[in-house]
>>> print(open('data-v5.txt').read())   # compact mmCIF, C-alpha atoms
# COMPACT_ATOMS: atom_id res chain seq x y z
CA TYR L 1 0.00 0.00 0.00
CA ALA L 2 2.96 2.33 0.44
CA TYR L 3 3.34 5.19 -1.96
CA CYS L 4 5.54 8.22 -1.81
CA ALA L 5 6.15 11.36 -3.86
CA ILE L 6 9.30 12.45 -2.03
CA GLY L 7 11.65 9.60 -2.88
CA VAL L 8 12.02 7.82 0.47
CA ARG L 9 12.90 4.16 0.13
CA ALA L 10 10.54 2.10 2.28
CA SER L 11 12.25 -0.23 4.74
CA SER L 12 10.90 -3.71 5.42
CA SER L 13 13.44 -4.82 8.00
CA PRO L 14 14.75 -3.56 11.36
CA SER L 15 16.79 -0.41 10.94
CA SER L 16 20.54 -0.39 10.39
CA SER L 17 20.42 3.23 11.58
CA GLY L 18 19.21 2.27 15.06
CA TYR L 19 20.87 2.22 18.46
CA SER L 20 23.73 -0.03 17.36
CA LEU L 21 25.05 2.59 14.92
CA LEU L 22 25.08 5.52 17.33
CA SER L 23 28.40 7.17 18.07
CA ALA L 24 29.85 6.87 21.57
CA GLU L 25 28.90 10.48 22.29
CA GLU L 26 25.33 9.98 21.07
CA ARG L 27 24.95 6.86 23.22
CA LYS L 28 26.21 8.79 26.20
CA GLN L 29 23.67 11.55 25.58
CA PHE L 30 20.80 9.08 25.23
CA ASP L 31 21.91 7.18 28.33
CA THR L 32 21.82 10.46 30.27
CA TYR L 33 18.40 11.24 28.82
CA LEU L 34 16.94 7.85 29.82
CA GLU L 35 18.39 8.12 33.34
CA SER L 36 16.74 11.51 33.73
CA LEU L 37 13.47 10.20 32.29
CA PHE L 38 13.22 7.32 34.74
CA GLU L 39 14.23 9.51 37.68
CA TYR L 40 11.59 12.11 36.80
CA ASN L 41 9.04 9.43 35.93
CA ALA L 42 8.97 8.17 39.50
CA LYS L 43 7.42 11.51 40.51
CA PHE L 44 5.54 12.75 37.47
CA ASN L 45 4.55 9.74 35.33
CA LEU L 46 5.99 10.89 32.00
CA THR L 47 5.99 7.47 30.35
CA ALA L 48 4.41 4.04 30.81
CA VAL L 49 7.70 2.38 29.84
CA LYS L 50 9.37 0.78 32.86
CA THR L 51 12.58 -0.90 31.65
CA ARG L 52 15.67 0.43 29.96
CA GLU L 53 15.41 -2.10 27.12
CA GLU L 54 11.82 -1.12 26.39
CA ALA L 55 12.71 2.57 26.54
CA GLN L 56 15.61 2.06 24.13
CA GLU L 57 13.30 0.31 21.66
CA ARG L 58 10.08 2.28 22.01
CA HIS L 59 11.56 5.72 22.56
CA ILE L 60 15.04 5.96 21.03
CA GLU L 61 14.83 3.48 18.14
CA ASP L 62 11.27 4.43 17.19
CA SER L 63 12.40 8.05 17.00
CA LEU L 64 15.51 7.19 15.00
CA ALA L 65 13.28 5.35 12.51
CA LEU L 66 11.72 8.68 11.50
CA LEU L 67 15.04 10.22 10.45
CA PRO L 68 15.29 8.86 6.87
CA VAL L 69 11.87 10.32 6.07
CA LEU L 70 12.67 13.66 7.69
CA ASP L 71 16.02 13.83 5.90
CA GLU L 72 14.29 13.29 2.56
CA CYS L 73 11.79 16.07 3.32
CA VAL L 74 14.74 18.34 4.09
CA ALA L 75 16.45 17.38 0.85
CA GLU L 76 13.28 18.16 -1.10
CA GLY L 77 12.83 21.59 0.40
CA GLN L 78 15.97 22.84 2.13
CA GLY L 79 19.13 21.26 0.74
CA GLN L 80 21.40 20.40 3.70
CA GLY L 81 18.95 21.62 6.31
CA LYS L 82 21.19 24.13 8.07
CA GLY L 83 19.03 26.46 10.12
CA LEU L 84 16.04 24.20 9.50
CA ARG L 85 13.20 24.84 11.94
CA VAL L 86 11.50 21.70 13.28
CA ILE L 87 8.64 21.56 15.79
CA ASP L 88 7.74 18.41 17.76
CA VAL L 89 4.05 18.85 18.52
CA GLY L 90 2.85 17.16 21.71
CA THR L 91 6.40 16.09 22.48
CA GLY L 92 5.56 14.55 25.88
CA PRO L 93 8.88 13.52 27.44
CA GLY L 94 10.72 14.86 24.37
CA LEU L 95 10.05 12.26 21.72
CA PRO L 96 11.06 12.27 18.98
CA GLY L 97 12.37 15.84 19.40
CA ILE L 98 15.26 15.14 21.78
CA VAL L 99 16.48 12.32 19.54
CA LEU L 100 16.28 14.57 16.46
CA ALA L 101 18.15 17.36 18.22
CA VAL L 102 21.00 15.03 19.20
CA LYS L 103 21.27 13.42 15.77
CA ARG L 104 20.85 16.64 13.78
CA PRO L 105 22.59 19.41 15.79
CA HIS L 106 22.28 21.84 12.86
CA TRP L 107 18.46 21.71 13.08
CA ASP L 108 16.64 24.14 15.37
CA VAL L 109 14.16 21.98 17.29
CA THR L 110 11.14 23.30 19.20
CA LEU L 111 9.63 20.94 21.79
CA LEU L 112 5.97 21.86 22.25
CA ASP L 113 3.80 20.51 25.06
CA SER L 114 0.76 21.72 26.97
CA LEU L 115 1.79 20.33 30.38
CA GLN L 116 4.15 22.37 32.51
CA LYS L 117 5.62 19.35 34.33
CA ARG L 118 6.80 17.92 31.03
CA CYS L 119 8.29 21.23 29.95
CA LYS L 120 10.20 21.53 33.22
CA PHE L 121 11.66 18.08 32.63
CA LEU L 122 12.60 19.03 29.06
CA GLU L 123 14.35 22.19 30.24
CA GLU L 124 16.44 20.03 32.59
CA VAL L 125 17.26 17.61 29.75
CA LYS L 126 18.22 20.49 27.47
CA GLU L 127 20.61 21.73 30.17
CA SER L 128 22.12 18.34 31.04
CA LEU L 129 22.68 17.37 27.39
CA GLU L 130 23.86 20.89 26.48
CA LEU L 131 21.45 21.05 23.55
CA LYS L 132 21.89 24.57 22.22
CA ASN L 133 19.60 23.83 19.27
CA VAL L 134 16.50 23.13 21.43
CA GLU L 135 13.74 25.48 22.55
CA VAL L 136 11.05 24.29 24.96
CA THR L 137 7.59 25.85 24.58
CA TRP L 138 4.78 25.38 27.10
CA SER L 139 1.58 25.98 25.14
CA ARG L 140 -1.40 24.43 23.42
CA ALA L 141 -0.78 23.70 19.75
CA GLU L 142 -3.84 25.74 18.77
CA ASP L 143 -2.47 28.81 20.54
CA VAL L 144 0.86 28.56 18.72
CA GLY L 145 -0.89 28.19 15.38
CA ARG L 146 -3.08 31.24 16.07
CA ASP L 147 -0.11 33.40 17.08
CA ALA L 148 0.68 35.69 14.14
CA GLY L 149 4.35 35.82 15.19
CA LYS L 150 4.76 32.03 15.12
CA ARG L 151 2.29 30.84 12.53
CA GLY L 152 3.82 29.66 9.26
CA SER L 153 7.39 29.70 10.56
CA TRP L 154 8.47 26.03 10.74
CA ASP L 155 9.86 23.89 7.93
CA LEU L 156 8.94 20.55 9.48
CA ALA L 157 6.40 19.45 12.07
CA VAL L 158 6.59 15.99 13.58
CA ALA L 159 4.09 14.24 15.84
CA ARG L 160 3.97 10.85 17.48
CA ALA L 161 0.80 9.42 19.09
CA VAL L 162 -0.90 12.81 19.44
CA ALA L 163 -4.27 12.68 17.67
CA PRO L 164 -6.18 11.26 14.69
CA LEU L 165 -4.86 12.66 11.43
CA ASN L 166 -7.76 15.03 10.72
CA VAL L 167 -7.27 16.64 14.14
CA LEU L 168 -3.48 16.56 13.90
CA CYS L 169 -3.53 18.38 10.57
CA GLU L 170 -5.49 21.28 12.01
CA LEU L 171 -3.04 21.52 14.91
CA CYS L 172 0.13 21.34 12.81
CA VAL L 173 -0.40 22.62 9.26
CA PRO L 174 -0.94 26.28 10.31
CA MET L 175 2.51 26.23 11.95
CA LEU L 176 4.24 25.31 8.68
CA ARG L 177 5.52 27.57 5.93
CA VAL L 178 4.09 26.90 2.50
CA GLY L 179 6.10 23.95 1.16
CA GLY L 180 6.78 22.63 4.67
CA TYR L 181 6.04 19.07 5.75
CA LEU L 182 4.12 17.37 8.54
CA VAL L 183 5.52 13.92 9.35
CA ALA L 184 3.00 11.97 11.43
CA ALA L 185 4.02 8.65 13.00
CA LYS L 186 1.22 6.12 12.65
CA GLY L 187 0.52 2.40 12.95
CA PRO L 188 0.57 -0.31 10.27
CA ASP L 189 -2.71 0.67 8.56
CA PRO L 190 -3.22 4.45 8.43
CA GLU L 191 -5.36 4.48 5.26
CA ALA L 192 -8.66 4.99 7.11
CA GLU L 193 -7.21 7.99 8.95
CA VAL L 194 -5.88 9.42 5.69
CA LYS L 195 -9.29 9.04 4.06
CA ALA L 196 -11.01 10.68 7.04
CA ALA L 197 -8.59 13.61 6.82
CA ARG L 198 -9.35 14.54 3.20
CA ASN L 199 -11.78 17.32 4.11
CA ALA L 200 -9.38 18.76 6.69
CA LEU L 201 -6.49 18.68 4.23
CA GLY L 202 -8.52 20.53 1.60
CA GLN L 203 -9.57 23.27 4.01
CA LEU L 204 -6.06 23.65 5.45
CA LYS L 205 -4.35 23.76 2.00
CA ALA L 206 -2.28 20.60 2.38
CA GLU L 207 -1.92 17.23 0.67
CA VAL L 208 -0.67 13.74 1.49
CA VAL L 209 2.51 12.96 -0.45
CA GLY L 210 3.54 9.72 1.21
CA ILE L 211 2.52 6.75 3.36
CA ILE L 212 5.82 5.13 4.20
CA PRO L 213 6.67 2.00 6.22
CA VAL L 214 9.56 2.70 8.61
CA SER L 215 11.99 0.42 10.41
CA SER L 216 9.91 0.26 13.59
CA PHE L 217 7.78 -2.72 14.57
CA GLY L 218 5.00 -2.99 17.14
CA SER L 219 2.60 -5.72 18.25
CA HIS L 220 0.36 -5.00 15.25
CA GLY L 221 3.13 -4.94 12.65
CA GLN L 222 5.38 -2.47 10.89
CA ARG L 223 4.75 1.16 11.74
CA THR L 224 4.35 3.89 9.13
CA VAL L 225 4.58 7.63 8.72
CA VAL L 226 2.15 9.80 6.82
CA VAL L 227 3.89 12.70 5.07
CA ILE L 228 1.84 15.83 4.35
CA ARG L 229 2.98 18.91 2.45
CA LYS L 230 1.51 22.37 2.89
CA VAL L 231 0.67 23.63 -0.60
CA GLY L 232 -0.93 27.01 0.13
CA GLU L 233 -1.62 29.54 2.87
CA THR L 234 -3.92 28.12 5.54
CA PRO L 235 -7.00 30.33 6.07
CA ARG L 236 -6.69 32.53 9.15
CA LYS L 237 -9.67 30.87 10.85
CA PHE L 238 -7.54 27.75 11.41
CA PRO L 239 -6.65 26.42 13.85
CA ARG L 240 -9.84 27.01 15.78
CA GLN L 241 -9.70 27.80 19.50
CA ALA L 242 -8.02 25.35 21.88
CA GLY L 243 -10.03 22.15 22.29
CA THR L 244 -12.31 22.69 19.29
CA PRO L 245 -10.34 20.61 16.73
CA LYS L 246 -10.64 17.54 18.97
CA LYS L 247 -14.31 18.14 19.89
CA LYS L 248 -15.43 19.01 16.36
CA PRO L 249 -12.95 17.54 13.85
CA LEU L 250 -12.95 18.91 10.32
>>> encode(input="data-v5.txt", output="structure tokens")
Amino acid sequence: YAYCAIGVRASSSPSSSGYSLLSAEERKQFDTYLESLFEYNAKFNLTAVKTREEAQERHIEDSLALLPVLDECVAEGQGQGKGLRVIDVGTGPGLPGIVLAVKRPHWDVTLLDSLQKRCKFLEEVKESLELKNVEVTWSRAEDVGRDAGKRGSWDLAVARAVAPLNVLCELCVPMLRVGGYLVAAKGPDPEAEVKAARNALGQLKAEVVGIIPVSSFGSHGQRTVVVIRKVGETPRKFPRQAGTPKKKPL
């Protein structure tokens, strides 16, 4: 079922770009991140993952699996990606944003979350990992998209387990510049979500350009990403006020 208009080669096997290929410095940074996550999790319940092995697989490797797709989006629109602006919408404990920031230090990564406890944790991670390319933003996605000073200013938006695609598009597409991409991590069979998002995509001035299997595998099979490109200026009425996209999806 996979198709793609941006030239990413679909992977059908576990990634060769996963944890085993990290540099010593990258492993050290991710080890520090996971230690901080589990320490903070004891107090604030940031993740349901309880073991280091599970965290390595579900958090680090799942995030690394998105990189080939993101790199191809960059190549399509930005060349080498220096100064590229990326926003991780609903980042939670910093995933995949922290992983992207470590692996692509020349990208400027915004970690967006609506819960203050998560943002406090992310500020600590940013400090401990010395991530100068990370900005933590405590806000609702709708409020960022409605802010005239922030709207339309990111090249890439990425989201993992945030919302159904029709809702996610309304949250993310207004943040993108025309020609920018939303990369949404999904499960093995996202076609129904894509179909349900057609009306939203039309109203928001965006289009699906790829449904791509990635080198990440869950209990239901191989995971995918849906790649969406913004093709025109999103009308000013979108996104609607905070909470409305979820209550009344387009």
>>> closest_residue(input="data-v5.txt", among="L:Leu21, L:Ala242, L:Ala185, L:Val99", to="Ala161 of chain L", atoms="only C-alpha atoms")
L:Ala185
>>> closest_atom_pairs(input="data-v5.txt", of="segment 7-124 of chain L", to="segment 167-178 of chain L", cutoff="12 Å", atoms="all atoms listed in the file", output="CSV")
residue,atom,partner,partner_atom,distance
L:Gly77,CA,L:Val178,CA,10.4
L:Leu84,CA,L:Arg177,CA,11.6
L:Arg85,CA,L:Leu176,CA,9.5
L:Val86,CA,L:Leu176,CA,9.3
L:Ile87,CA,L:Met175,CA,8.6
L:Asp88,CA,L:Cys172,CA,9.5
L:Val89,CA,L:Cys172,CA,7.4
L:Gly90,CA,L:Leu171,CA,10.0
L:Thr110,CA,L:Met175,CA,11.6
L:Leu112,CA,L:Cys172,CA,11.1
>>> closest_residue(input="data-v5.txt", among="L:Leu34, L:Ala200, L:Ile228, L:Leu22", to="Lys103 of chain L", atoms="all atoms listed in the file")
L:Leu22
>>> closest_residue(input="data-v5.txt", among="L:Thr91, L:Ala197, L:Val74, L:Ala101", to="Gly179 of chain L", atoms="all atoms listed in the file")
L:Val74
>>> residues_around(input="data-v5.txt", residues="Asn166 of chain L", least_positions_apart="3", cutoff="12 Å", atoms="all atoms listed in the file", output="PDB file with C-alpha atoms, in the coordinates of the input")
ATOM      1  CA  VAL L 162      -0.900  12.810  19.440  1.00  0.00           C
ATOM      2  CA  ALA L 163      -4.270  12.680  17.670  1.00  0.00           C
ATOM      3  CA  CYS L 169      -3.530  18.380  10.570  1.00  0.00           C
ATOM      4  CA  GLU L 170      -5.490  21.280  12.010  1.00  0.00           C
ATOM      5  CA  LEU L 171      -3.040  21.520  14.910  1.00  0.00           C
ATOM      6  CA  CYS L 172       0.130  21.340  12.810  1.00  0.00           C
ATOM      7  CA  VAL L 173      -0.400  22.620   9.260  1.00  0.00           C
ATOM      8  CA  ALA L 184       3.000  11.970  11.430  1.00  0.00           C
ATOM      9  CA  PRO L 190      -3.220   4.450   8.430  1.00  0.00           C
ATOM     10  CA  ALA L 192      -8.660   4.990   7.110  1.00  0.00           C
ATOM     11  CA  GLU L 193      -7.210   7.990   8.950  1.00  0.00           C
ATOM     12  CA  VAL L 194      -5.880   9.420   5.690  1.00  0.00           C
ATOM     13  CA  LYS L 195      -9.290   9.040   4.060  1.00  0.00           C
ATOM     14  CA  ALA L 196     -11.010  10.680   7.040  1.00  0.00           C
ATOM     15  CA  ALA L 197      -8.590  13.610   6.820  1.00  0.00           C
ATOM     16  CA  ARG L 198      -9.350  14.540   3.200  1.00  0.00           C
ATOM     17  CA  ASN L 199     -11.780  17.320   4.110  1.00  0.00           C
ATOM     18  CA  ALA L 200      -9.380  18.760   6.690  1.00  0.00           C
ATOM     19  CA  LEU L 201      -6.490  18.680   4.230  1.00  0.00           C
ATOM     20  CA  GLY L 202      -8.520  20.530   1.600  1.00  0.00           C
ATOM     21  CA  GLN L 203      -9.570  23.270   4.010  1.00  0.00           C
ATOM     22  CA  LEU L 204      -6.060  23.650   5.450  1.00  0.00           C
ATOM     23  CA  ALA L 206      -2.280  20.600   2.380  1.00  0.00           C
ATOM     24  CA  GLU L 207      -1.920  17.230   0.670  1.00  0.00           C
ATOM     25  CA  VAL L 208      -0.670  13.740   1.490  1.00  0.00           C
ATOM     26  CA  VAL L 226       2.150   9.800   6.820  1.00  0.00           C
ATOM     27  CA  ILE L 228       1.840  15.830   4.350  1.00  0.00           C
ATOM     28  CA  PRO L 239      -6.650  26.420  13.850  1.00  0.00           C
ATOM     29  CA  PRO L 245     -10.340  20.610  16.730  1.00  0.00           C
ATOM     30  CA  LYS L 246     -10.640  17.540  18.970  1.00  0.00           C
ATOM     31  CA  LYS L 247     -14.310  18.140  19.890  1.00  0.00           C
ATOM     32  CA  LYS L 248     -15.430  19.010  16.360  1.00  0.00           C
ATOM     33  CA  PRO L 249     -12.950  17.540  13.850  1.00  0.00           C
ATOM     34  CA  LEU L 250     -12.950  18.910  10.320  1.00  0.00           C
TER      35      LEU L 250
END
>>> closest_residue(input="data-v5.txt", among="L:Arg140, L:His220, L:His106, L:Lys120", to="Leu37 of chain L", atoms="all atoms listed in the file")
L:Lys120
>>> closest_residue(input="data-v5.txt", among="L:Arg52, L:Arg236, L:Lys132, L:Lys186", to="Ile212 of chain L", atoms="all atoms listed in the file")
L:Lys186
>>> closest_residue(input="data-v5.txt", among="L:Gly145, L:Gly180, L:Gly18, L:Gly97", to="Ser216 of chain L", atoms="only C-alpha atoms")
L:Gly18
>>> residues_around(input="data-v5.txt", residues="Leu64 of chain L", least_positions_apart="6", cutoff="12 Å", atoms="all atoms listed in the file", output="number ranges by chain")
L: 14-22, 26, 30, 56-58, 70-71, 95-104, 185, 214-216
>>> residues_around(input="data-v5.txt", residues="Val136 of chain L", least_positions_apart="3", cutoff="9 Å", atoms="all atoms listed in the file", output="compact mmCIF listing (two decimals) with C-alpha atoms, in the coordinates of the input")
# COMPACT_ATOMS: atom_id res chain seq x y z
CA VAL L 109 14.16 21.98 17.29
CA THR L 110 11.14 23.30 19.20
CA LEU L 111 9.63 20.94 21.79
CA LEU L 112 5.97 21.86 22.25
CA ASP L 113 3.80 20.51 25.06
CA CYS L 119 8.29 21.23 29.95
CA LYS L 120 10.20 21.53 33.22
CA LEU L 122 12.60 19.03 29.06
CA GLU L 123 14.35 22.19 30.24
CA LYS L 126 18.22 20.49 27.47
